[in-house]
>>> print(open('target00.txt').read())   # compact mmCIF, N, CA and C atoms
# COMPACT_ATOMS: atom_id res chain seq x y z
N MET A 1 -254.71 -50.28 -24.57
CA MET A 1 -255.86 -49.56 -24.07
C MET A 1 -256.46 -48.69 -25.16
N ASN A 2 -255.71 -47.70 -25.62
CA ASN A 2 -256.20 -46.81 -26.67
C ASN A 2 -255.64 -47.28 -28.00
N GLU A 3 -256.20 -48.34 -28.53
CA GLU A 3 -255.72 -48.87 -29.80
C GLU A 3 -256.43 -48.18 -30.95
N PRO A 4 -255.73 -48.02 -32.07
CA PRO A 4 -256.40 -47.42 -33.23
C PRO A 4 -257.47 -48.36 -33.75
N PRO A 5 -258.43 -47.84 -34.50
CA PRO A 5 -259.47 -48.68 -35.05
C PRO A 5 -258.91 -49.69 -36.02
N ALA A 6 -259.67 -50.76 -36.24
CA ALA A 6 -259.24 -51.83 -37.12
C ALA A 6 -258.99 -51.29 -38.52
N GLY A 7 -258.12 -51.92 -39.23
CA GLY A 7 -257.78 -51.48 -40.58
C GLY A 7 -256.32 -51.14 -40.64
N GLY A 8 -255.80 -50.41 -39.69
CA GLY A 8 -254.39 -50.14 -39.53
C GLY A 8 -253.70 -49.49 -40.71
N ALA A 9 -254.44 -48.95 -41.64
CA ALA A 9 -253.79 -48.31 -42.79
C ALA A 9 -253.23 -46.98 -42.38
N ALA A 10 -252.00 -46.74 -42.73
CA ALA A 10 -251.38 -45.46 -42.42
C ALA A 10 -251.87 -44.42 -43.40
N GLY A 11 -252.18 -43.25 -42.91
CA GLY A 11 -252.72 -42.20 -43.77
C GLY A 11 -251.63 -41.47 -44.52
N ILE A 12 -252.02 -40.98 -45.68
CA ILE A 12 -251.11 -40.22 -46.52
C ILE A 12 -251.89 -39.03 -47.03
N GLY A 13 -251.28 -37.88 -47.14
CA GLY A 13 -251.93 -36.75 -47.75
C GLY A 13 -252.21 -35.65 -46.75
N ARG A 14 -253.24 -34.83 -47.05
CA ARG A 14 -253.50 -33.65 -46.25
C ARG A 14 -253.96 -34.00 -44.84
N ALA A 15 -254.75 -35.05 -44.67
CA ALA A 15 -255.25 -35.38 -43.34
C ALA A 15 -254.15 -35.99 -42.49
N GLY A 16 -253.33 -36.88 -43.06
CA GLY A 16 -252.21 -37.45 -42.35
C GLY A 16 -252.57 -38.55 -41.38
N VAL A 17 -253.81 -39.04 -41.38
CA VAL A 17 -254.19 -40.11 -40.48
C VAL A 17 -255.02 -41.12 -41.25
N GLY A 18 -255.06 -42.35 -40.73
CA GLY A 18 -255.78 -43.43 -41.39
C GLY A 18 -257.28 -43.30 -41.24
N ASN A 19 -257.80 -43.55 -40.07
CA ASN A 19 -259.22 -43.43 -39.80
C ASN A 19 -259.41 -42.33 -38.78
N PRO A 20 -259.59 -41.09 -39.21
CA PRO A 20 -259.63 -39.98 -38.27
C PRO A 20 -260.86 -40.05 -37.38
N PRO A 21 -260.70 -39.76 -36.11
CA PRO A 21 -261.87 -39.72 -35.24
C PRO A 21 -262.72 -38.51 -35.55
N VAL A 22 -263.99 -38.64 -35.30
CA VAL A 22 -264.90 -37.53 -35.50
C VAL A 22 -265.13 -36.88 -34.15
N ARG A 23 -264.73 -35.63 -34.01
CA ARG A 23 -264.90 -34.93 -32.74
C ARG A 23 -266.29 -34.32 -32.69
N THR A 24 -266.88 -34.44 -31.52
CA THR A 24 -268.18 -33.82 -31.34
C THR A 24 -267.98 -32.50 -30.62
N GLY A 25 -268.70 -31.49 -31.02
CA GLY A 25 -268.55 -30.18 -30.42
C GLY A 25 -267.98 -29.21 -31.43
N ALA A 26 -268.07 -27.93 -31.11
CA ALA A 26 -267.63 -26.91 -32.06
C ALA A 26 -266.14 -26.66 -32.00
N ASP A 27 -265.53 -26.79 -30.82
CA ASP A 27 -264.11 -26.47 -30.65
C ASP A 27 -263.28 -27.74 -30.75
N PRO A 28 -262.46 -27.91 -31.81
CA PRO A 28 -261.68 -29.14 -31.96
C PRO A 28 -260.57 -29.27 -30.93
N THR A 29 -260.19 -28.19 -30.24
CA THR A 29 -259.12 -28.28 -29.26
C THR A 29 -259.65 -28.62 -27.88
N ALA A 30 -260.95 -28.48 -27.67
CA ALA A 30 -261.52 -28.77 -26.36
C ALA A 30 -261.60 -30.29 -26.16
N SER A 31 -261.63 -30.70 -24.92
CA SER A 31 -261.72 -32.13 -24.63
C SER A 31 -263.17 -32.55 -24.83
N THR A 32 -263.44 -33.20 -25.94
CA THR A 32 -264.78 -33.64 -26.29
C THR A 32 -264.76 -35.12 -26.57
N ALA A 33 -265.92 -35.68 -26.68
CA ALA A 33 -266.02 -37.11 -26.97
C ALA A 33 -265.55 -37.38 -28.39
N VAL A 34 -264.97 -38.55 -28.59
CA VAL A 34 -264.50 -38.95 -29.91
C VAL A 34 -265.27 -40.19 -30.32
N ARG A 35 -265.81 -40.17 -31.55
CA ARG A 35 -266.55 -41.31 -32.08
C ARG A 35 -265.77 -41.88 -33.25
N TYR A 36 -265.75 -43.19 -33.37
CA TYR A 36 -265.11 -43.86 -34.49
C TYR A 36 -266.19 -44.50 -35.36
N ALA A 37 -265.95 -44.49 -36.65
CA ALA A 37 -266.91 -45.09 -37.58
C ALA A 37 -267.00 -46.59 -37.33
N LEU A 38 -268.21 -47.10 -37.26
CA LEU A 38 -268.41 -48.53 -37.03
C LEU A 38 -268.27 -49.34 -38.32
N VAL A 39 -268.65 -48.72 -39.41
CA VAL A 39 -268.59 -49.39 -40.70
C VAL A 39 -267.55 -48.66 -41.54
N PRO A 40 -266.59 -49.40 -42.10
CA PRO A 40 -265.59 -48.71 -42.92
C PRO A 40 -266.23 -48.07 -44.14
N ALA A 41 -265.76 -46.88 -44.45
CA ALA A 41 -266.27 -46.16 -45.61
C ALA A 41 -265.78 -46.83 -46.88
N PRO A 42 -266.59 -46.82 -47.94
CA PRO A 42 -266.13 -47.40 -49.20
C PRO A 42 -264.94 -46.62 -49.75
N ARG A 43 -264.02 -47.31 -50.34
CA ARG A 43 -262.80 -46.69 -50.87
C ARG A 43 -262.69 -46.97 -52.36
N LEU A 44 -262.00 -46.09 -53.06
CA LEU A 44 -261.76 -46.25 -54.49
C LEU A 44 -260.29 -46.56 -54.71
N SER A 45 -260.03 -47.44 -55.65
CA SER A 45 -258.64 -47.74 -55.99
C SER A 45 -258.07 -46.62 -56.85
N LEU A 46 -256.75 -46.64 -57.02
CA LEU A 46 -256.09 -45.64 -57.86
C LEU A 46 -256.61 -45.70 -59.29
N ASP A 47 -256.81 -46.90 -59.81
CA ASP A 47 -257.31 -47.04 -61.18
C ASP A 47 -258.72 -46.47 -61.32
N ALA A 48 -259.57 -46.73 -60.32
CA ALA A 48 -260.94 -46.21 -60.38
C ALA A 48 -260.96 -44.69 -60.34
N VAL A 49 -260.12 -44.11 -59.48
CA VAL A 49 -260.04 -42.65 -59.40
C VAL A 49 -259.50 -42.07 -60.70
N ALA A 50 -258.49 -42.71 -61.27
CA ALA A 50 -257.93 -42.23 -62.54
C ALA A 50 -258.97 -42.29 -63.65
N ARG A 51 -259.75 -43.37 -63.70
CA ARG A 51 -260.79 -43.50 -64.72
C ARG A 51 -261.86 -42.42 -64.54
N ARG A 52 -262.31 -42.22 -63.30
CA ARG A 52 -263.39 -41.26 -63.05
C ARG A 52 -262.96 -39.82 -63.23
N SER A 53 -261.70 -39.53 -62.95
CA SER A 53 -261.23 -38.14 -63.06
C SER A 53 -260.64 -37.83 -64.42
N GLY A 54 -260.27 -38.86 -65.19
CA GLY A 54 -259.66 -38.63 -66.49
C GLY A 54 -258.19 -38.25 -66.41
N LEU A 55 -257.56 -38.47 -65.26
CA LEU A 55 -256.14 -38.14 -65.07
C LEU A 55 -255.30 -39.41 -65.07
N HIS A 56 -254.04 -39.26 -65.39
CA HIS A 56 -253.11 -40.38 -65.39
C HIS A 56 -252.80 -40.77 -63.94
N PRO A 57 -252.69 -42.06 -63.65
CA PRO A 57 -252.38 -42.49 -62.28
C PRO A 57 -251.09 -41.90 -61.71
N ASP A 58 -250.09 -41.68 -62.57
CA ASP A 58 -248.84 -41.08 -62.08
C ASP A 58 -249.06 -39.64 -61.60
N LEU A 59 -249.93 -38.90 -62.28
CA LEU A 59 -250.24 -37.54 -61.86
C LEU A 59 -250.98 -37.56 -60.51
N ILE A 60 -251.86 -38.52 -60.34
CA ILE A 60 -252.58 -38.64 -59.06
C ILE A 60 -251.60 -39.00 -57.95
N ARG A 61 -250.65 -39.89 -58.23
CA ARG A 61 -249.61 -40.21 -57.23
C ARG A 61 -248.81 -38.97 -56.87
N ARG A 62 -248.53 -38.12 -57.85
CA ARG A 62 -247.79 -36.88 -57.59
C ARG A 62 -248.62 -35.95 -56.69
N PHE A 63 -249.93 -35.87 -56.95
CA PHE A 63 -250.80 -35.06 -56.09
C PHE A 63 -250.80 -35.57 -54.66
N VAL A 64 -250.78 -36.89 -54.49
CA VAL A 64 -250.72 -37.48 -53.15
C VAL A 64 -249.39 -37.13 -52.49
N ALA A 65 -248.30 -37.23 -53.23
CA ALA A 65 -246.98 -36.91 -52.69
C ALA A 65 -246.89 -35.44 -52.30
N LEU A 66 -247.55 -34.55 -53.05
CA LEU A 66 -247.54 -33.13 -52.75
C LEU A 66 -248.52 -32.76 -51.63
N GLY A 67 -249.37 -33.70 -51.25
CA GLY A 67 -250.34 -33.44 -50.19
C GLY A 67 -251.58 -32.72 -50.66
N LEU A 68 -251.84 -32.73 -51.96
CA LEU A 68 -253.02 -32.05 -52.49
C LEU A 68 -254.29 -32.87 -52.33
N ILE A 69 -254.16 -34.18 -52.22
CA ILE A 69 -255.31 -35.07 -52.08
C ILE A 69 -254.98 -36.13 -51.04
N ASP A 70 -255.98 -36.51 -50.27
CA ASP A 70 -255.80 -37.51 -49.22
C ASP A 70 -255.89 -38.91 -49.81
N ALA A 71 -255.02 -39.79 -49.32
CA ALA A 71 -255.05 -41.19 -49.72
C ALA A 71 -254.53 -42.01 -48.56
N GLU A 72 -254.88 -43.28 -48.58
CA GLU A 72 -254.40 -44.22 -47.58
C GLU A 72 -253.85 -45.43 -48.31
N ARG A 73 -253.18 -46.27 -47.58
CA ARG A 73 -252.69 -47.53 -48.14
C ARG A 73 -253.55 -48.66 -47.57
N ASP A 74 -253.95 -49.58 -48.44
CA ASP A 74 -254.70 -50.73 -47.96
C ASP A 74 -253.74 -51.79 -47.44
N ALA A 75 -254.25 -52.95 -47.10
CA ALA A 75 -253.43 -54.01 -46.52
C ALA A 75 -252.35 -54.49 -47.49
N THR A 76 -252.59 -54.36 -48.78
CA THR A 76 -251.60 -54.80 -49.77
C THR A 76 -250.63 -53.70 -50.16
N GLY A 77 -250.82 -52.50 -49.63
CA GLY A 77 -249.91 -51.39 -49.91
C GLY A 77 -250.33 -50.51 -51.07
N HIS A 78 -251.49 -50.76 -51.66
CA HIS A 78 -251.97 -49.94 -52.77
C HIS A 78 -252.69 -48.71 -52.24
N LEU A 79 -252.66 -47.64 -53.01
CA LEU A 79 -253.36 -46.41 -52.64
C LEU A 79 -254.86 -46.61 -52.77
N VAL A 80 -255.60 -46.12 -51.76
CA VAL A 80 -257.07 -46.11 -51.82
C VAL A 80 -257.52 -44.70 -51.44
N PHE A 81 -258.65 -44.29 -52.00
CA PHE A 81 -259.13 -42.92 -51.87
C PHE A 81 -260.57 -42.91 -51.40
N ASP A 82 -260.98 -41.77 -50.84
CA ASP A 82 -262.38 -41.54 -50.51
C ASP A 82 -263.18 -41.44 -51.80
N PRO A 83 -264.49 -41.70 -51.73
CA PRO A 83 -265.31 -41.55 -52.93
C PRO A 83 -265.36 -40.12 -53.47
N THR A 84 -264.96 -39.14 -52.66
CA THR A 84 -264.98 -37.74 -53.10
C THR A 84 -263.70 -37.35 -53.84
N ALA A 85 -262.76 -38.25 -53.97
CA ALA A 85 -261.48 -37.93 -54.59
C ALA A 85 -261.61 -37.40 -56.02
N PRO A 86 -262.45 -37.96 -56.89
CA PRO A 86 -262.56 -37.38 -58.24
C PRO A 86 -263.03 -35.94 -58.23
N ALA A 87 -263.91 -35.57 -57.31
CA ALA A 87 -264.36 -34.18 -57.22
C ALA A 87 -263.23 -33.27 -56.76
N VAL A 88 -262.41 -33.74 -55.82
CA VAL A 88 -261.27 -32.96 -55.35
C VAL A 88 -260.27 -32.78 -56.48
N LEU A 89 -260.04 -33.83 -57.26
CA LEU A 89 -259.12 -33.73 -58.40
C LEU A 89 -259.65 -32.77 -59.44
N ALA A 90 -260.95 -32.77 -59.67
CA ALA A 90 -261.54 -31.82 -60.62
C ALA A 90 -261.35 -30.38 -60.13
N ARG A 91 -261.47 -30.18 -58.81
CA ARG A 91 -261.25 -28.85 -58.24
C ARG A 91 -259.80 -28.41 -58.43
N ILE A 92 -258.88 -29.33 -58.23
CA ILE A 92 -257.45 -29.03 -58.44
C ILE A 92 -257.20 -28.65 -59.89
N GLN A 93 -257.77 -29.40 -60.81
CA GLN A 93 -257.58 -29.11 -62.23
C GLN A 93 -258.19 -27.77 -62.61
N ARG A 94 -259.35 -27.43 -62.03
CA ARG A 94 -259.96 -26.12 -62.33
C ARG A 94 -259.08 -24.99 -61.83
N LEU A 95 -258.51 -25.14 -60.64
CA LEU A 95 -257.61 -24.11 -60.13
C LEU A 95 -256.36 -23.99 -61.00
N ARG A 96 -255.86 -25.13 -61.45
CA ARG A 96 -254.64 -25.13 -62.27
C ARG A 96 -254.87 -24.45 -63.61
N THR A 97 -255.97 -24.79 -64.28
CA THR A 97 -256.20 -24.23 -65.61
C THR A 97 -256.86 -22.86 -65.56
N GLY A 98 -257.80 -22.66 -64.63
CA GLY A 98 -258.53 -21.41 -64.58
C GLY A 98 -257.74 -20.24 -64.04
N LEU A 99 -256.89 -20.51 -63.05
CA LEU A 99 -256.13 -19.43 -62.42
C LEU A 99 -254.64 -19.49 -62.72
N CYS A 100 -254.22 -20.48 -63.49
CA CYS A 100 -252.81 -20.66 -63.85
C CYS A 100 -251.92 -20.72 -62.60
N LEU A 101 -252.35 -21.52 -61.63
CA LEU A 101 -251.59 -21.67 -60.39
C LEU A 101 -250.67 -22.87 -60.48
N ASN A 102 -249.51 -22.79 -59.81
CA ASN A 102 -248.66 -23.97 -59.71
C ASN A 102 -249.17 -24.84 -58.57
N TYR A 103 -248.63 -26.04 -58.44
CA TYR A 103 -249.17 -26.99 -57.47
C TYR A 103 -248.94 -26.56 -56.03
N ALA A 104 -247.85 -25.86 -55.74
CA ALA A 104 -247.61 -25.37 -54.38
C ALA A 104 -248.68 -24.36 -53.99
N SER A 105 -249.01 -23.46 -54.89
CA SER A 105 -250.02 -22.46 -54.57
C SER A 105 -251.42 -23.07 -54.55
N ILE A 106 -251.65 -24.14 -55.29
CA ILE A 106 -252.95 -24.81 -55.25
C ILE A 106 -253.19 -25.37 -53.85
N GLY A 107 -252.16 -25.93 -53.23
CA GLY A 107 -252.31 -26.42 -51.86
C GLY A 107 -252.71 -25.32 -50.91
N LEU A 108 -252.10 -24.16 -51.05
CA LEU A 108 -252.44 -23.02 -50.21
C LEU A 108 -253.88 -22.55 -50.46
N VAL A 109 -254.27 -22.47 -51.71
CA VAL A 109 -255.62 -22.03 -52.05
C VAL A 109 -256.65 -23.03 -51.52
N LEU A 110 -256.38 -24.33 -51.64
CA LEU A 110 -257.30 -25.34 -51.12
C LEU A 110 -257.47 -25.21 -49.61
N ASP A 111 -256.37 -24.99 -48.90
CA ASP A 111 -256.45 -24.80 -47.45
C ASP A 111 -257.28 -23.57 -47.10
N LEU A 112 -257.06 -22.47 -47.82
CA LEU A 112 -257.82 -21.25 -47.55
C LEU A 112 -259.31 -21.42 -47.87
N LEU A 113 -259.62 -22.12 -48.96
CA LEU A 113 -261.02 -22.37 -49.30
C LEU A 113 -261.69 -23.25 -48.25
N ASP A 114 -260.95 -24.23 -47.71
CA ASP A 114 -261.50 -25.08 -46.65
C ASP A 114 -261.77 -24.27 -45.39
N ARG A 115 -260.85 -23.38 -45.05
CA ARG A 115 -261.06 -22.53 -43.87
C ARG A 115 -262.27 -21.61 -44.05
N ILE A 116 -262.41 -21.05 -45.24
CA ILE A 116 -263.56 -20.18 -45.52
C ILE A 116 -264.86 -20.97 -45.38
N SER A 117 -264.88 -22.19 -45.90
CA SER A 117 -266.08 -23.02 -45.79
C SER A 117 -266.43 -23.30 -44.34
N LEU A 118 -265.41 -23.60 -43.52
CA LEU A 118 -265.66 -23.86 -42.10
C LEU A 118 -266.19 -22.62 -41.39
N LEU A 119 -265.62 -21.47 -41.69
CA LEU A 119 -266.10 -20.24 -41.06
C LEU A 119 -267.52 -19.90 -41.48
N GLU A 120 -267.83 -20.09 -42.76
CA GLU A 120 -269.19 -19.83 -43.22
C GLU A 120 -270.18 -20.79 -42.58
N ALA A 121 -269.79 -22.05 -42.44
CA ALA A 121 -270.67 -23.03 -41.80
C ALA A 121 -270.89 -22.69 -40.34
N ALA A 122 -269.84 -22.20 -39.66
CA ALA A 122 -269.99 -21.81 -38.26
C ALA A 122 -270.92 -20.63 -38.13
N LEU A 123 -270.82 -19.67 -39.03
CA LEU A 123 -271.73 -18.52 -39.00
C LEU A 123 -273.17 -18.94 -39.26
N ARG A 124 -273.36 -19.83 -40.22
CA ARG A 124 -274.72 -20.32 -40.50
C ARG A 124 -275.25 -21.10 -39.31
N GLY A 125 -274.39 -21.86 -38.65
CA GLY A 125 -274.82 -22.67 -37.51
C GLY A 125 -275.24 -21.82 -36.32
N ARG A 126 -274.60 -20.71 -36.13
CA ARG A 126 -274.96 -19.81 -35.03
C ARG A 126 -276.26 -19.08 -35.30
N GLY A 127 -276.51 -18.83 -36.54
CA GLY A 127 -277.71 -18.08 -36.90
C GLY A 127 -277.57 -16.59 -36.61
N THR A 128 -276.37 -16.15 -36.35
CA THR A 128 -276.15 -14.73 -36.07
C THR A 128 -275.72 -14.02 -37.33
N ARG A 129 -276.02 -12.77 -37.37
CA ARG A 129 -275.62 -11.95 -38.50
C ARG A 129 -274.69 -10.87 -38.00
N SER A 130 -273.91 -10.38 -38.87
CA SER A 130 -273.01 -9.29 -38.53
C SER A 130 -273.81 -8.01 -38.31
N GLU A 131 -273.31 -7.14 -37.43
CA GLU A 131 -274.00 -5.88 -37.18
C GLU A 131 -273.84 -4.90 -38.33
N THR A 132 -272.83 -5.10 -39.12
CA THR A 132 -272.63 -4.21 -40.26
C THR A 132 -273.50 -4.66 -41.42
N PRO A 133 -274.03 -3.71 -42.16
CA PRO A 133 -274.87 -4.11 -43.30
C PRO A 133 -274.01 -4.78 -44.38
N PRO A 134 -274.60 -5.65 -45.18
CA PRO A 134 -273.84 -6.29 -46.25
C PRO A 134 -273.35 -5.25 -47.26
N TRP A 135 -272.29 -5.56 -47.95
CA TRP A 135 -271.69 -4.60 -48.87
C TRP A 135 -272.47 -4.48 -50.16
N THR A 136 -273.38 -5.40 -50.42
CA THR A 136 -274.16 -5.32 -51.67
C THR A 136 -275.45 -4.58 -51.48
>>> encode(input="target00.txt", output="C-alpha cells")
Amino acid sequence: MNEPPAGGAAGIGRAGVGNPPVRTGADPTASTAVRYALVPAPRLSLDAVARRSGLHPDLIRRFVALGLIDAERDATGHLVFDPTAPAVLARIQRLRTGLCLNYASIGLVLDLLDRISLLEAALRGRGTRSETPPWT
C-alpha cells in the first residue's frame, strides 16, 4: 500500500533517507499532505563531486561516513550525490580552515547554521518584525 518511491536507494548521510517526501505546510510534525518527486533529480557520481570540489574521493567518503554530507547508493552500490554537494563540501572546507574546527564540531556548526536559516526563512515568510528595535 504505502510503498517507497521507485529507485529504492537507501539513504546515507545527514538526511538518512533515499527519496525524502516533501511536506507541505509550515509544521513538519503536523499531519499534512506528502508529495513525491515525479522526476528523479540529477545525481553526481563520487568522481564528479571529487573533480568539482578538488577533494580526494577518500576524504569525501569519510565526510559521508561522518554524516557531514548526504549521499545515496545507486543500483550498482556506488555513491551518488545531489548537485549541491560541491557547494556543501566547499562550506565544510571553509569551516575547517577558517575556524580551525575538527570534523565533529563542523557537523554541529552545520546543523546550527541550517536551523538559523530555517528560522530566518520562517520570519521572512510571516512578514512580522520583532517589537524590539534592532541592535544596530
>>> closest_residue(input="target00.txt", among="A:Ala50, A:Leu68, A:Arg73, A:Pro42", to="Ile106 in chain A", atoms="only C-alpha atoms")
A:Leu68
>>> select_by_dssp(input="target00.txt", residues="range 59-134 of chain A", states="alpha helix (DSSP H)", output="PyMOL selection string")
chain A and resi 59-66+85-99+103-126
>>> atom_distance(input="target00.txt", atom1="CA of Arg91 in chain A", atom2="atom C of Gly125 in chain A")
26.9 Å
>>> atom_distance(input="target00.txt", atom1="atom C of Ala85 in chain A", atom2="atom C of Ala121 in chain A")
23.4 Å
>>> atom_distance(input="target00.txt", atom1="atom N of Leu101 in chain A", atom2="atom C of Arg51 in chain A")
23.1 Å
>>> closest_residue(input="target00.txt", among="A:Leu113, A:Arg61, A:Cys100, A:Leu55", to="Val80 in chain A", atoms="only C-alpha atoms")
A:Arg61
>>> residues_around(input="target00.txt", residues="Ser105 in chain A", least_positions_apart="5", cutoff="10 Å", atoms="only C-alpha atoms", output="PyMOL selection string")
chain A and resi 95-96+100+110-111
>>> select_by_dssp(input="target00.txt", residues="range 23-121 of chain A", states="strand (DSSP E)", output="NGL selection string")
:A and (23 or 34-35 or 44-45 or 71-73 or 79-81)
>>> closest_residue(input="target00.txt", among="A:Ile92, A:Leu99, A:Leu46, A:Leu112", to="His78 in chain A", atoms="all atoms listed in the file")
A:Leu46
>>> build_atoms(input="target00.txt", residues="range 75-84 of chain A", atoms="all heavy atoms", output="short mmCIF file (atom, residue, chain, number, x, y, z; two decimals), in the coordinates of the input")
data_model
loop_
_atom_site.label_atom_id
_atom_site.label_comp_id
_atom_site.auth_asym_id
_atom_site.auth_seq_id
_atom_site.Cartn_x
_atom_site.Cartn_y
_atom_site.Cartn_z
N ALA A 75 -254.25 -52.95 -47.10
CA ALA A 75 -253.43 -54.01 -46.52
C ALA A 75 -252.35 -54.49 -47.49
O ALA A 75 -251.29 -54.96 -47.06
CB ALA A 75 -254.31 -55.18 -46.10
N THR A 76 -252.59 -54.36 -48.78
CA THR A 76 -251.60 -54.80 -49.77
C THR A 76 -250.63 -53.70 -50.16
O THR A 76 -249.73 -53.93 -50.95
CB THR A 76 -252.31 -55.31 -51.04
OG1 THR A 76 -253.11 -54.26 -51.58
CG2 THR A 76 -253.19 -56.52 -50.74
N GLY A 77 -250.82 -52.50 -49.63
CA GLY A 77 -249.91 -51.39 -49.91
C GLY A 77 -250.33 -50.51 -51.07
O GLY A 77 -249.61 -49.57 -51.42
N HIS A 78 -251.49 -50.76 -51.66
CA HIS A 78 -251.97 -49.94 -52.77
C HIS A 78 -252.69 -48.71 -52.24
O HIS A 78 -253.28 -48.73 -51.16
CB HIS A 78 -252.92 -50.74 -53.66
CG HIS A 78 -252.23 -51.87 -54.36
ND1 HIS A 78 -252.33 -53.17 -53.92
CD2 HIS A 78 -251.41 -51.90 -55.43
CE1 HIS A 78 -251.63 -53.96 -54.71
NE2 HIS A 78 -251.05 -53.20 -55.63
N LEU A 79 -252.66 -47.64 -53.01
CA LEU A 79 -253.36 -46.41 -52.64
C LEU A 79 -254.86 -46.61 -52.77
O LEU A 79 -255.35 -47.18 -53.75
CB LEU A 79 -252.93 -45.25 -53.52
CG LEU A 79 -251.54 -44.69 -53.31
CD1 LEU A 79 -251.23 -43.64 -54.36
CD2 LEU A 79 -251.39 -44.10 -51.92
N VAL A 80 -255.60 -46.12 -51.76
CA VAL A 80 -257.07 -46.11 -51.82
C VAL A 80 -257.52 -44.70 -51.44
O VAL A 80 -256.87 -44.02 -50.65
CB VAL A 80 -257.70 -47.17 -50.89
CG1 VAL A 80 -257.47 -48.56 -51.43
CG2 VAL A 80 -257.20 -47.05 -49.48
N PHE A 81 -258.65 -44.29 -52.00
CA PHE A 81 -259.13 -42.92 -51.87
C PHE A 81 -260.57 -42.91 -51.40
O PHE A 81 -261.31 -43.88 -51.57
CB PHE A 81 -259.06 -42.21 -53.24
CG PHE A 81 -257.67 -42.11 -53.79
CD1 PHE A 81 -257.13 -43.13 -54.56
CD2 PHE A 81 -256.90 -40.99 -53.55
CE1 PHE A 81 -255.85 -43.04 -55.06
CE2 PHE A 81 -255.63 -40.88 -54.06
CZ PHE A 81 -255.09 -41.91 -54.82
N ASP A 82 -260.98 -41.77 -50.84
CA ASP A 82 -262.38 -41.54 -50.51
C ASP A 82 -263.18 -41.44 -51.80
O ASP A 82 -262.63 -41.09 -52.85
CB ASP A 82 -262.54 -40.23 -49.74
CG ASP A 82 -262.04 -40.33 -48.32
OD1 ASP A 82 -261.94 -41.44 -47.78
OD2 ASP A 82 -261.77 -39.26 -47.74
N PRO A 83 -264.49 -41.70 -51.73
CA PRO A 83 -265.31 -41.55 -52.93
C PRO A 83 -265.36 -40.12 -53.47
O PRO A 83 -265.71 -39.89 -54.62
CB PRO A 83 -266.70 -42.00 -52.47
CG PRO A 83 -266.46 -42.85 -51.29
CD PRO A 83 -265.23 -42.32 -50.63
N THR A 84 -264.96 -39.14 -52.66
CA THR A 84 -264.98 -37.74 -53.10
C THR A 84 -263.70 -37.35 -53.84
O THR A 84 -263.59 -36.20 -54.29
CB THR A 84 -265.16 -36.81 -51.89
OG1 THR A 84 -264.09 -37.03 -50.98
CG2 THR A 84 -266.49 -37.06 -51.19
#
